[in-house]
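As stored in protein.cif (mmCIF, C-alpha atoms and all ligand atoms):
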data_work
loop_
_atom_site.group_PDB
_atom_site.id
_atom_site.type_symbol
_atom_site.label_atom_id
_atom_site.label_comp_id
_atom_site.auth_asym_id
_atom_site.auth_seq_id
_atom_site.Cartn_x
_atom_site.Cartn_y
_atom_site.Cartn_z
ATOM 1 C CA MET A 1 67.246 -41.132 128.155
ATOM 2 C CA LYS A 2 64.273 -39.044 127.161
ATOM 3 C CA ARG A 3 61.381 -40.517 125.156
ATOM 4 C CA ASP A 4 62.241 -38.465 122.096
ATOM 5 C CA GLU A 5 65.920 -39.425 122.301
ATOM 6 C CA VAL A 6 65.260 -43.150 122.410
ATOM 7 C CA ARG A 7 62.815 -42.822 119.520
ATOM 8 C CA GLN A 8 65.519 -40.901 117.604
ATOM 9 C CA VAL A 9 67.979 -43.726 118.242
ATOM 10 C CA ASP A 10 65.477 -46.054 116.626
ATOM 11 C CA SER A 11 64.965 -43.909 113.520
ATOM 12 C CA ILE A 12 68.670 -42.991 113.119
ATOM 13 C CA ALA A 13 69.640 -46.673 113.379
ATOM 14 C CA ILE A 14 67.164 -47.411 110.593
ATOM 15 C CA ASN A 15 67.616 -44.380 108.344
ATOM 16 C CA GLU A 16 71.300 -43.472 108.797
ATOM 17 C CA TYR A 17 72.839 -46.852 109.587
ATOM 18 C CA GLY A 18 70.514 -48.984 107.511
ATOM 19 C CA ILE A 19 69.529 -51.402 110.268
ATOM 20 C CA SER A 20 66.079 -52.791 109.541
ATOM 21 C CA GLY A 21 63.415 -52.056 112.156
ATOM 22 C CA LEU A 22 62.713 -55.782 112.118
ATOM 23 C CA VAL A 23 66.270 -56.433 113.290
ATOM 24 C CA LEU A 24 65.885 -53.925 116.126
ATOM 25 C CA MET A 25 62.569 -55.510 117.141
ATOM 26 C CA GLU A 26 64.079 -59.006 116.963
ATOM 27 C CA ASN A 27 67.019 -57.963 119.151
ATOM 28 C CA ALA A 28 64.650 -56.256 121.591
ATOM 29 C CA GLY A 29 62.258 -59.191 121.793
ATOM 30 C CA ARG A 30 64.948 -61.856 122.002
ATOM 31 C CA GLY A 31 66.796 -59.976 124.741
ATOM 32 C CA ALA A 32 63.583 -59.425 126.689
ATOM 33 C CA ALA A 33 62.615 -63.103 126.347
ATOM 34 C CA GLU A 34 65.988 -64.196 127.731
ATOM 35 C CA ARG A 35 65.597 -61.899 130.772
ATOM 36 C CA ILE A 36 62.034 -63.103 131.370
ATOM 37 C CA ALA A 37 63.210 -66.743 131.110
ATOM 38 C CA ALA A 38 65.945 -66.077 133.673
ATOM 39 C CA TRP A 39 63.456 -64.425 136.027
ATOM 40 C CA CYS A 40 60.551 -66.905 135.752
ATOM 41 C CA ASP A 41 60.266 -70.564 136.620
ATOM 42 C CA ARG A 42 60.211 -72.838 133.581
ATOM 43 C CA SER A 43 56.832 -74.062 134.818
ATOM 44 C CA ASP A 44 55.301 -70.575 134.637
ATOM 45 C CA ALA A 45 52.771 -70.070 131.867
ATOM 46 C CA VAL A 46 53.286 -66.641 130.286
ATOM 47 C CA ARG A 47 50.587 -64.495 128.692
ATOM 48 C CA ILE A 48 51.631 -61.430 126.685
ATOM 49 C CA LEU A 49 49.197 -58.513 126.290
ATOM 50 C CA CYS A 50 49.797 -56.765 122.944
ATOM 51 C CA GLY A 51 48.742 -53.236 122.025
ATOM 52 C CA PRO A 52 48.468 -51.388 118.699
ATOM 53 C CA GLY A 53 52.086 -50.441 117.994
ATOM 54 C CA ASN A 54 55.658 -51.661 118.084
ATOM 55 C CA ASN A 55 55.544 -52.260 121.843
ATOM 56 C CA GLY A 56 52.942 -54.859 120.918
ATOM 57 C CA GLY A 57 55.224 -55.958 118.089
ATOM 58 C CA ASP A 58 57.925 -56.727 120.657
ATOM 59 C CA GLY A 59 55.415 -59.013 122.350
ATOM 60 C CA TYR A 60 55.074 -61.231 119.284
ATOM 61 C CA VAL A 61 58.868 -61.604 119.134
ATOM 62 C CA ILE A 62 59.083 -62.288 122.885
ATOM 63 C CA ALA A 63 56.451 -65.018 122.526
ATOM 64 C CA ARG A 64 58.419 -66.806 119.781
ATOM 65 C CA HIS A 65 61.651 -66.743 121.781
ATOM 66 C CA LEU A 66 60.031 -67.741 125.081
ATOM 67 C CA GLU A 67 58.531 -70.755 123.305
ATOM 68 C CA LEU A 68 62.010 -71.614 121.988
ATOM 69 C CA LEU A 69 63.242 -71.419 125.583
ATOM 70 C CA GLY A 70 60.667 -74.038 126.606
ATOM 71 C CA PHE A 71 57.918 -71.857 128.079
ATOM 72 C CA ALA A 72 54.186 -72.217 127.616
ATOM 73 C CA VAL A 73 53.328 -68.815 126.166
ATOM 74 C CA ASP A 74 50.333 -67.231 124.463
ATOM 75 C CA LEU A 75 49.221 -63.795 123.340
ATOM 76 C CA VAL A 76 46.197 -61.553 123.944
ATOM 77 C CA ALA A 77 45.865 -59.075 121.080
ATOM 78 C CA LEU A 78 43.888 -55.927 121.902
ATOM 79 C CA VAL A 79 44.169 -55.113 118.203
ATOM 80 C CA PRO A 80 43.608 -58.004 115.777
ATOM 81 C CA PRO A 81 46.940 -58.900 114.114
ATOM 82 C CA GLU A 82 45.524 -58.138 110.675
ATOM 83 C CA LYS A 83 44.939 -54.524 111.759
ATOM 84 C CA LEU A 84 48.564 -53.973 112.822
ATOM 85 C CA SER A 85 51.098 -52.282 110.556
ATOM 86 C CA GLY A 86 54.828 -52.288 109.868
ATOM 87 C CA ASP A 87 57.198 -54.375 111.947
ATOM 88 C CA ALA A 88 54.468 -55.240 114.465
ATOM 89 C CA SER A 89 52.304 -56.668 111.705
ATOM 90 C CA ALA A 90 55.217 -58.717 110.330
ATOM 91 C CA ASN A 91 55.928 -60.284 113.716
ATOM 92 C CA ALA A 92 52.274 -60.903 114.495
ATOM 93 C CA MET A 93 52.054 -62.775 111.191
ATOM 94 C CA ILE A 94 55.158 -64.818 112.038
ATOM 95 C CA ALA A 95 53.729 -65.686 115.463
ATOM 96 C CA GLN A 96 50.400 -66.697 113.885
ATOM 97 C CA ARG A 97 52.130 -68.876 111.272
ATOM 98 C CA SER A 98 54.302 -70.378 114.033
ATOM 99 C CA GLY A 99 51.166 -71.642 115.737
ATOM 100 C CA ILE A 100 51.632 -69.531 118.861
ATOM 101 C CA PRO A 101 48.151 -69.206 120.426
ATOM 102 C CA ILE A 102 46.711 -65.718 119.919
ATOM 103 C CA VAL A 103 43.303 -64.612 121.168
ATOM 104 C CA THR A 104 41.923 -61.184 120.336
ATOM 105 C CA ALA A 105 40.296 -59.205 123.108
ATOM 106 C CA GLU A 106 38.395 -56.186 121.844
ATOM 107 C CA SER A 107 35.939 -55.844 124.716
ATOM 108 C CA VAL A 108 36.162 -55.736 128.492
ATOM 109 C CA SER A 109 34.385 -59.089 128.793
ATOM 110 C CA GLU A 110 36.907 -60.684 126.421
ATOM 111 C CA LEU A 111 39.704 -59.133 128.504
ATOM 112 C CA GLU A 112 38.154 -60.489 131.711
ATOM 113 C CA GLN A 113 38.187 -63.987 130.226
ATOM 114 C CA SER A 114 41.829 -63.773 129.193
ATOM 115 C CA ILE A 115 43.484 -61.823 132.010
ATOM 116 C CA ASP A 116 43.284 -64.365 134.803
ATOM 117 C CA GLY A 117 45.390 -65.330 137.766
ATOM 118 C CA ASN A 118 47.100 -68.296 136.127
ATOM 119 C CA HIS A 119 49.738 -66.554 134.028
ATOM 120 C CA VAL A 120 52.768 -64.363 134.379
ATOM 121 C CA LEU A 121 51.512 -61.250 132.543
ATOM 122 C CA VAL A 122 53.698 -59.277 130.162
ATOM 123 C CA ASP A 123 52.749 -55.654 129.362
ATOM 124 C CA CYS A 124 53.317 -55.034 125.668
ATOM 125 C CA LEU A 125 50.321 -52.670 125.586
ATOM 126 C CA LEU A 126 51.860 -49.200 125.235
ATOM 127 C CA GLY A 127 55.491 -48.106 125.075
ATOM 128 C CA THR A 128 57.199 -44.840 124.162
ATOM 129 C CA GLY A 129 54.382 -43.999 121.760
ATOM 130 C CA ALA A 130 51.890 -43.566 124.602
ATOM 131 C CA LYS A 131 50.377 -40.139 125.200
ATOM 132 C CA GLY A 132 48.524 -39.539 128.451
ATOM 133 C CA ALA A 133 46.822 -42.067 130.704
ATOM 134 C CA PRO A 134 45.805 -45.390 129.122
ATOM 135 C CA ARG A 135 42.428 -44.974 127.453
ATOM 136 C CA GLY A 136 39.509 -47.365 126.973
ATOM 137 C CA LEU A 137 40.483 -51.003 126.692
ATOM 138 C CA TYR A 138 44.071 -50.198 127.753
ATOM 139 C CA HIS A 139 42.804 -48.742 131.003
ATOM 140 C CA ASP A 140 40.779 -51.917 131.554
ATOM 141 C CA ALA A 141 43.684 -54.216 130.649
ATOM 142 C CA VAL A 142 45.957 -52.507 133.202
ATOM 143 C CA ARG A 143 43.237 -52.593 135.881
ATOM 144 C CA LEU A 144 42.614 -56.318 135.320
ATOM 145 C CA ALA A 145 46.324 -57.152 135.170
ATOM 146 C CA ASN A 146 47.012 -55.304 138.426
ATOM 147 C CA ALA A 147 44.170 -57.219 140.096
ATOM 148 C CA THR A 148 45.814 -60.623 139.579
ATOM 149 C CA ASP A 149 48.291 -61.998 142.089
ATOM 150 C CA ARG A 150 50.691 -63.348 139.476
ATOM 151 C CA LYS A 151 54.040 -61.832 138.548
ATOM 152 C CA ARG A 152 53.981 -58.928 136.049
ATOM 153 C CA VAL A 153 56.608 -57.823 133.547
ATOM 154 C CA ALA A 154 56.584 -54.468 131.723
ATOM 155 C CA ILE A 155 58.290 -54.147 128.336
ATOM 156 C CA ASP A 156 60.164 -50.897 127.682
ATOM 157 C CA LEU A 157 58.081 -49.082 130.328
ATOM 158 C CA PRO A 158 54.962 -49.831 132.366
ATOM 159 C CA THR A 159 51.803 -48.762 130.541
ATOM 160 C CA GLY A 160 50.534 -45.612 132.208
ATOM 161 C CA LEU A 161 53.935 -44.361 133.405
ATOM 162 C CA ASP A 162 55.161 -41.136 131.827
ATOM 163 C CA CYS A 163 58.490 -41.941 130.162
ATOM 164 C CA ASP A 164 60.164 -38.584 130.857
ATOM 165 C CA THR A 165 58.737 -37.516 134.225
ATOM 166 C CA GLY A 166 58.120 -40.934 135.803
ATOM 167 C CA GLN A 167 54.699 -39.680 136.862
ATOM 168 C CA PRO A 168 52.312 -42.633 137.132
ATOM 169 C CA SER A 169 48.790 -42.074 135.765
ATOM 170 C CA GLU A 170 45.820 -43.151 137.874
ATOM 171 C CA MET A 171 45.946 -46.478 136.028
ATOM 172 C CA THR A 172 49.544 -47.714 135.698
ATOM 173 C CA PHE A 173 50.746 -51.302 135.179
ATOM 174 C CA ARG A 174 52.385 -52.400 138.428
ATOM 175 C CA ALA A 175 55.375 -54.421 137.239
ATOM 176 C CA ASP A 176 57.650 -56.643 139.310
ATOM 177 C CA LEU A 177 60.208 -56.474 136.501
ATOM 178 C CA THR A 178 60.646 -53.813 133.797
ATOM 179 C CA ILE A 179 62.800 -54.648 130.772
ATOM 180 C CA THR A 180 63.695 -51.440 128.953
ATOM 181 C CA PHE A 181 65.487 -50.992 125.624
ATOM 182 C CA VAL A 182 68.687 -49.112 124.864
ATOM 183 C CA ALA A 183 68.862 -47.253 128.196
ATOM 184 C CA ALA A 184 66.861 -46.493 131.326
ATOM 185 C CA LYS A 185 64.318 -43.724 130.716
ATOM 186 C CA ASP A 186 64.736 -40.432 132.598
ATOM 187 C CA GLY A 187 61.403 -40.939 134.377
ATOM 188 C CA PHE A 188 62.732 -44.082 136.069
ATOM 189 C CA GLN A 189 64.611 -41.831 138.517
ATOM 190 C CA ASN A 190 61.337 -40.485 139.954
ATOM 191 C CA PRO A 191 60.707 -42.260 143.306
ATOM 192 C CA ASP A 192 56.957 -42.285 142.477
ATOM 193 C CA ALA A 193 57.737 -44.628 139.575
ATOM 194 C CA ALA A 194 59.414 -47.289 141.740
ATOM 195 C CA PRO A 195 56.250 -49.228 142.756
ATOM 196 C CA PHE A 196 55.345 -49.591 139.062
ATOM 197 C CA LEU A 197 58.826 -50.405 137.708
ATOM 198 C CA GLY A 198 59.883 -53.144 140.101
ATOM 199 C CA HIS A 199 63.370 -54.386 139.221
ATOM 200 C CA VAL A 200 64.659 -52.668 136.050
ATOM 201 C CA GLU A 201 66.871 -54.368 133.462
ATOM 202 C CA THR A 202 68.194 -52.794 130.253
ATOM 203 C CA VAL A 203 68.413 -54.716 126.981
ATOM 204 C CA GLY A 204 70.501 -53.580 124.003
ATOM 205 C CA ILE A 205 68.915 -53.759 120.553
ATOM 206 C CA GLY A 206 72.076 -53.868 118.419
ATOM 207 C CA VAL A 207 72.521 -50.214 117.484
ATOM 208 C CA PRO A 208 76.192 -49.337 116.811
ATOM 209 C CA ARG A 209 78.343 -48.072 119.703
ATOM 210 C CA VAL A 210 79.030 -44.823 117.842
ATOM 211 C CA LEU A 211 75.279 -44.080 117.887
ATOM 212 C CA LEU A 212 74.997 -44.840 121.610
ATOM 213 C CA ARG A 213 77.920 -42.465 122.177
ATOM 214 C CA ARG A 214 76.059 -39.695 120.305
ATOM 215 C CA PHE A 215 73.336 -39.953 122.946
ATOM 216 C CA GLY A 216 75.687 -40.354 125.883
ATOM 217 C CA VAL A 217 74.515 -43.894 126.600
ATOM 218 C CA VAL A 218 78.149 -45.124 126.637
HETATM 219 N N1 LIG A 301 64.795 -48.073 119.700
HETATM 220 C C1 LIG A 301 63.857 -48.614 120.479
HETATM 221 O O1 LIG A 301 63.690 -48.250 121.654
HETATM 222 C C2 LIG A 301 62.952 -49.658 119.908
HETATM 223 C C3 LIG A 301 61.663 -49.693 120.413
HETATM 224 N N2 LIG A 301 60.773 -50.614 120.008
HETATM 225 C C4 LIG A 301 59.474 -50.703 120.634
HETATM 226 O O2 LIG A 301 58.619 -49.772 119.998
HETATM 227 C C5 LIG A 301 57.871 -49.090 121.019
HETATM 228 C C6 LIG A 301 57.301 -47.814 120.471
HETATM 229 O O3 LIG A 301 56.413 -48.220 119.430
HETATM 230 P P1 LIG A 301 55.299 -47.218 118.838
HETATM 231 O O4 LIG A 301 54.556 -47.982 117.795
HETATM 232 O O5 LIG A 301 55.943 -45.941 118.471
HETATM 233 O O6 LIG A 301 54.334 -46.872 120.050
HETATM 234 P P2 LIG A 301 53.523 -47.814 121.047
HETATM 235 O O7 LIG A 301 53.775 -49.256 120.750
HETATM 236 O O8 LIG A 301 53.776 -47.262 122.394
HETATM 237 O O9 LIG A 301 51.966 -47.549 120.618
HETATM 238 C C7 LIG A 301 51.520 -46.243 120.529
HETATM 239 C C8 LIG A 301 50.107 -46.269 119.966
HETATM 240 O O10 LIG A 301 49.205 -46.551 121.018
HETATM 241 C C9 LIG A 301 48.072 -45.682 120.922
HETATM 242 N N3 LIG A 301 48.065 -44.877 122.148
HETATM 243 C C10 LIG A 301 48.903 -43.862 122.464
HETATM 244 N N4 LIG A 301 48.605 -43.346 123.685
HETATM 245 C C11 LIG A 301 47.548 -44.073 124.116
HETATM 246 C C12 LIG A 301 46.772 -44.039 125.318
HETATM 247 N N5 LIG A 301 47.057 -43.139 126.301
HETATM 248 N N6 LIG A 301 45.759 -44.923 125.481
HETATM 249 C C13 LIG A 301 45.464 -45.807 124.477
HETATM 250 N N7 LIG A 301 46.163 -45.916 123.316
HETATM 251 C C14 LIG A 301 47.189 -45.041 123.159
HETATM 252 C C15 LIG A 301 48.242 -44.879 119.650
HETATM 253 O O11 LIG A 301 47.603 -45.597 118.617
HETATM 254 C C16 LIG A 301 49.726 -44.926 119.395
HETATM 255 O O12 LIG A 301 50.056 -44.886 118.018
HETATM 256 C C17 LIG A 301 58.854 -48.975 122.131
HETATM 257 O O13 LIG A 301 58.259 -48.684 123.357
HETATM 258 C C18 LIG A 301 59.516 -50.352 122.115
HETATM 259 O O14 LIG A 301 58.741 -51.287 122.838
HETATM 260 C C19 LIG A 301 61.101 -51.461 118.873
HETATM 261 O O15 LIG A 301 60.407 -52.624 118.873
HETATM 262 C C20 LIG A 301 62.570 -51.824 118.877
HETATM 263 C C21 LIG A 301 63.433 -50.597 118.901
HETATM 264 K K K A 302 54.698 -51.535 127.996
#
Render the structure in this file as structure tokens.
Ligand SMILES: NC(=O)C1=CN([C@@H]2O[C@H](COP(=O)(O)OP(=O)(O)OC[C@H]3O[C@@H](n4cnc5c(N)ncnc54)[C@H](O)[C@@H]3O)[C@@H](O)[C@H]2O)[C@H](O)CC1
Ligand SMILES: [K+]
Amino acid sequence: MKRDEVRQVDSIAINEYGISGLVLMENAGRGAAERIAAWCDRSDAVRILCGPGNNGGDGYVIARHLELLGFAVDLVALVPPEKLSGDASANAMIAQRSGIPIVTAESVSELEQSIDGNHVLVDCLLGTGAKGAPRGLYHDAVRLANATDRKRVAIDLPTGLDCDTGQPSEMTFRADLTITFVAAKDGFQNPDAAPFLGHVETVGIGVPRVLLRRFGVV
């Protein structure tokens, strides 16, 4: 699917079918957590890097469900939870109230302290809302994450990869596993994307079959 199509699925599910965005985010995050749990060792500590939007919001849901599955998990917020909005803000609040460890990292030095070689790293930095190559702190977060030797998971798509063309930017999260929502993105067919996607798995988010049919997903 194209970026715009998958974003339409999201808004049609909410506006035409009346499914709350929170339900979509919960389904996305729970499904992603279950795939990460199946792919990691229970002994792996997992650190989720959260960006400014709903891709970051997914990260707060993933954290809650990974903890329920028995993993040691924490979050690095590149935007303080209180500055988030909408569904991302709601789930950041829930994670905070659930006592899931969250550190904010708003500088490169803070990032350097939190992105280390001891955790499986999950990229919830930028998703389908990204435009162009990761800028500023997001560029640094991808650089630091790629420099560790631990396993890396991308949520929805690797930060830095163009959703529709599959063209990697000069700083693209190099995932071993990519968990994408609703359907694989058109750009995933580009051979240049393969080193950054790793193994790709698709997770459904609960939108009705009739809506998936409208977009040719089923
Ligand atoms: N139906 C679905 O597929 C669902 C998807 N979900 C998740 O939501 C994200 C898309 O969320 P959105 O808030 O629209 O965008 P992002 O999270 O990607 O954040 C965009 C945000 O980031 C800033 N930004 C944009 N480009 C750059 C850049 N090059 N460098 C730095 N910063 C950038 C800008 O502020 C943008 O506003 C989707 O991927 C899924 O993960 C739902 O959770 C469930 C349903
Ligand atoms: K991502």
*Nearest to ligand K 302 (chain A), chosen from A:Lys151, A:Arg209, A:Arg97, A:Arg174, with only C-alpha atoms and all ligand atoms counted in the distances*: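 When distances to ligand K 302 (chain A) are compared using only C-alpha atoms and all ligand atoms, the smallest one comes from A:Arg174.
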With all atoms of stretch 86-104 of chain A from the file as input, state the centre and edge lengths in Å to one decimal of the axis-aligned box that has 3 Å extra on each side, as lines of an AutoDock Vina configuration file.
center_x = 49.6
center_y = -62.0
center_z = 115.5
size_x = 21.3
size_y = 25.4
size_z = 17.3
*Nearby residues, ligand LIG 301 (chain A), 8 Å, all atoms listed in the file, as a PyMOL selection string*: chain A and resi 6-11+21-22+24-29+51-58+87-88+124-139+155-157+160+180-182+205
*Selected residue, from A:Val218, A:Leu197, A:Ala154, A:Ala72, that lies nearest to A:Asn118 when counting only C-alpha atoms*: A:Ala72
*Which residue, A:Val103, A:Val46, A:Ala95, A:Cys163, has the smallest gap to ligand K 302 (chain A) when you use only C-alpha atoms and all ligand atoms?*
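Ranking A:Val103, A:Val46, A:Ala95, A:Cys163 by distance to ligand K 302 (chain A), first place goes to A:Cys163.
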*asked:* Under the rule that only C-alpha atoms and all ligand atoms are counted, which of A:Val217, A:Leu144, A:Cys50, A:Leu111 is the nearest residue to ligand K 302 (chain A)?
replied: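 Looking at the shortest contact to ligand K 302 (chain A), the residue is A:Cys50.
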*Name the residues that the PyMOL selection byres (((chain A and resi 75) around 12) and not hetatm) picks from the file above, as a ChimeraX atom specification, using the file's chain letters and numbers.*
/A:45-51,56-64,66-67,72-74,76-81,92,95-96,99-105,111,114-115,119-125
*Using only C-alpha atoms and all ligand atoms, which residue out of A:Ser20, A:Thr159, A:Asn190, A:Ser98 lies closest to ligand K 302 (chain A)?*
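Between A:Ser20, A:Thr159, A:Asn190, A:Ser98, the residue approaching ligand K 302 (chain A) most closely is A:Thr159.
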*Taking only C-alpha atoms into account, which of A:Ser89, A:Pro208, A:Gly216, A:Val203 comes nearest A:Ile19?*
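Among A:Ser89, A:Pro208, A:Gly216, A:Val203, it is A:Pro208 that comes nearest to A:Ile19.
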*Please write as a PyMOL selection string the full residue list that the PyMOL selection byres (((chain A and resi 172) around 7) and not hetatm) yields on this file.*
chain A and resi 142+158-161+168-171+173-174+196
*asked:* Between atom CA of A:Arg214 and atom CA of A:Ile12, what is the distance in Å, rounded to a tenth?
replied: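 A separation of 10.8 Å between them.
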*For atom CA of A:Lys2 and atom CA of A:Phe215, quote the distance in Å rounded to one decimal.*
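Interatomic distance here is 10.0 Å.
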*Can you give me, as a ChimeraX atom specification, the residues this file yields under the PyMOL selection byres (((chain A and resi 185) around 6) and not hetatm)?*
/A:1-2,184,186-188
Could you name the residues that touch A:Arg35 at 9 Å or less, counting only C-alpha atoms, but leaving out those on the same chain fewer than 3 positions away, as a short mmCIF file (atom, residue, chain, number, x, y, z; two decimals) with C-alpha atoms, in the coordinates of the input?
data_model
loop_
_atom_site.label_atom_id
_atom_site.label_comp_id
_atom_site.auth_asym_id
_atom_site.auth_seq_id
_atom_site.Cartn_x
_atom_site.Cartn_y
_atom_site.Cartn_z
CA ARG A 30 64.95 -61.86 122.00
CA GLY A 31 66.80 -59.98 124.74
CA ALA A 32 63.58 -59.42 126.69
CA ALA A 38 65.94 -66.08 133.67
CA TRP A 39 63.46 -64.42 136.03
CA CYS A 40 60.55 -66.90 135.75
CA ILE A 179 62.80 -54.65 130.77
CA GLU A 201 66.87 -54.37 133.46
CA VAL A 203 68.41 -54.72 126.98
#
*Interatomic distance, atom CA of A:Val200 to atom CA of A:Glu5 (Å, one decimal)*: 19.1 Å
*Quick one: residues within 9 Å of A:Leu69, all atoms listed in the file counted, chain neighbours fewer than 5 positions away excluded, as a ChimeraX atom specification?*
/A:33-34,37,42,64
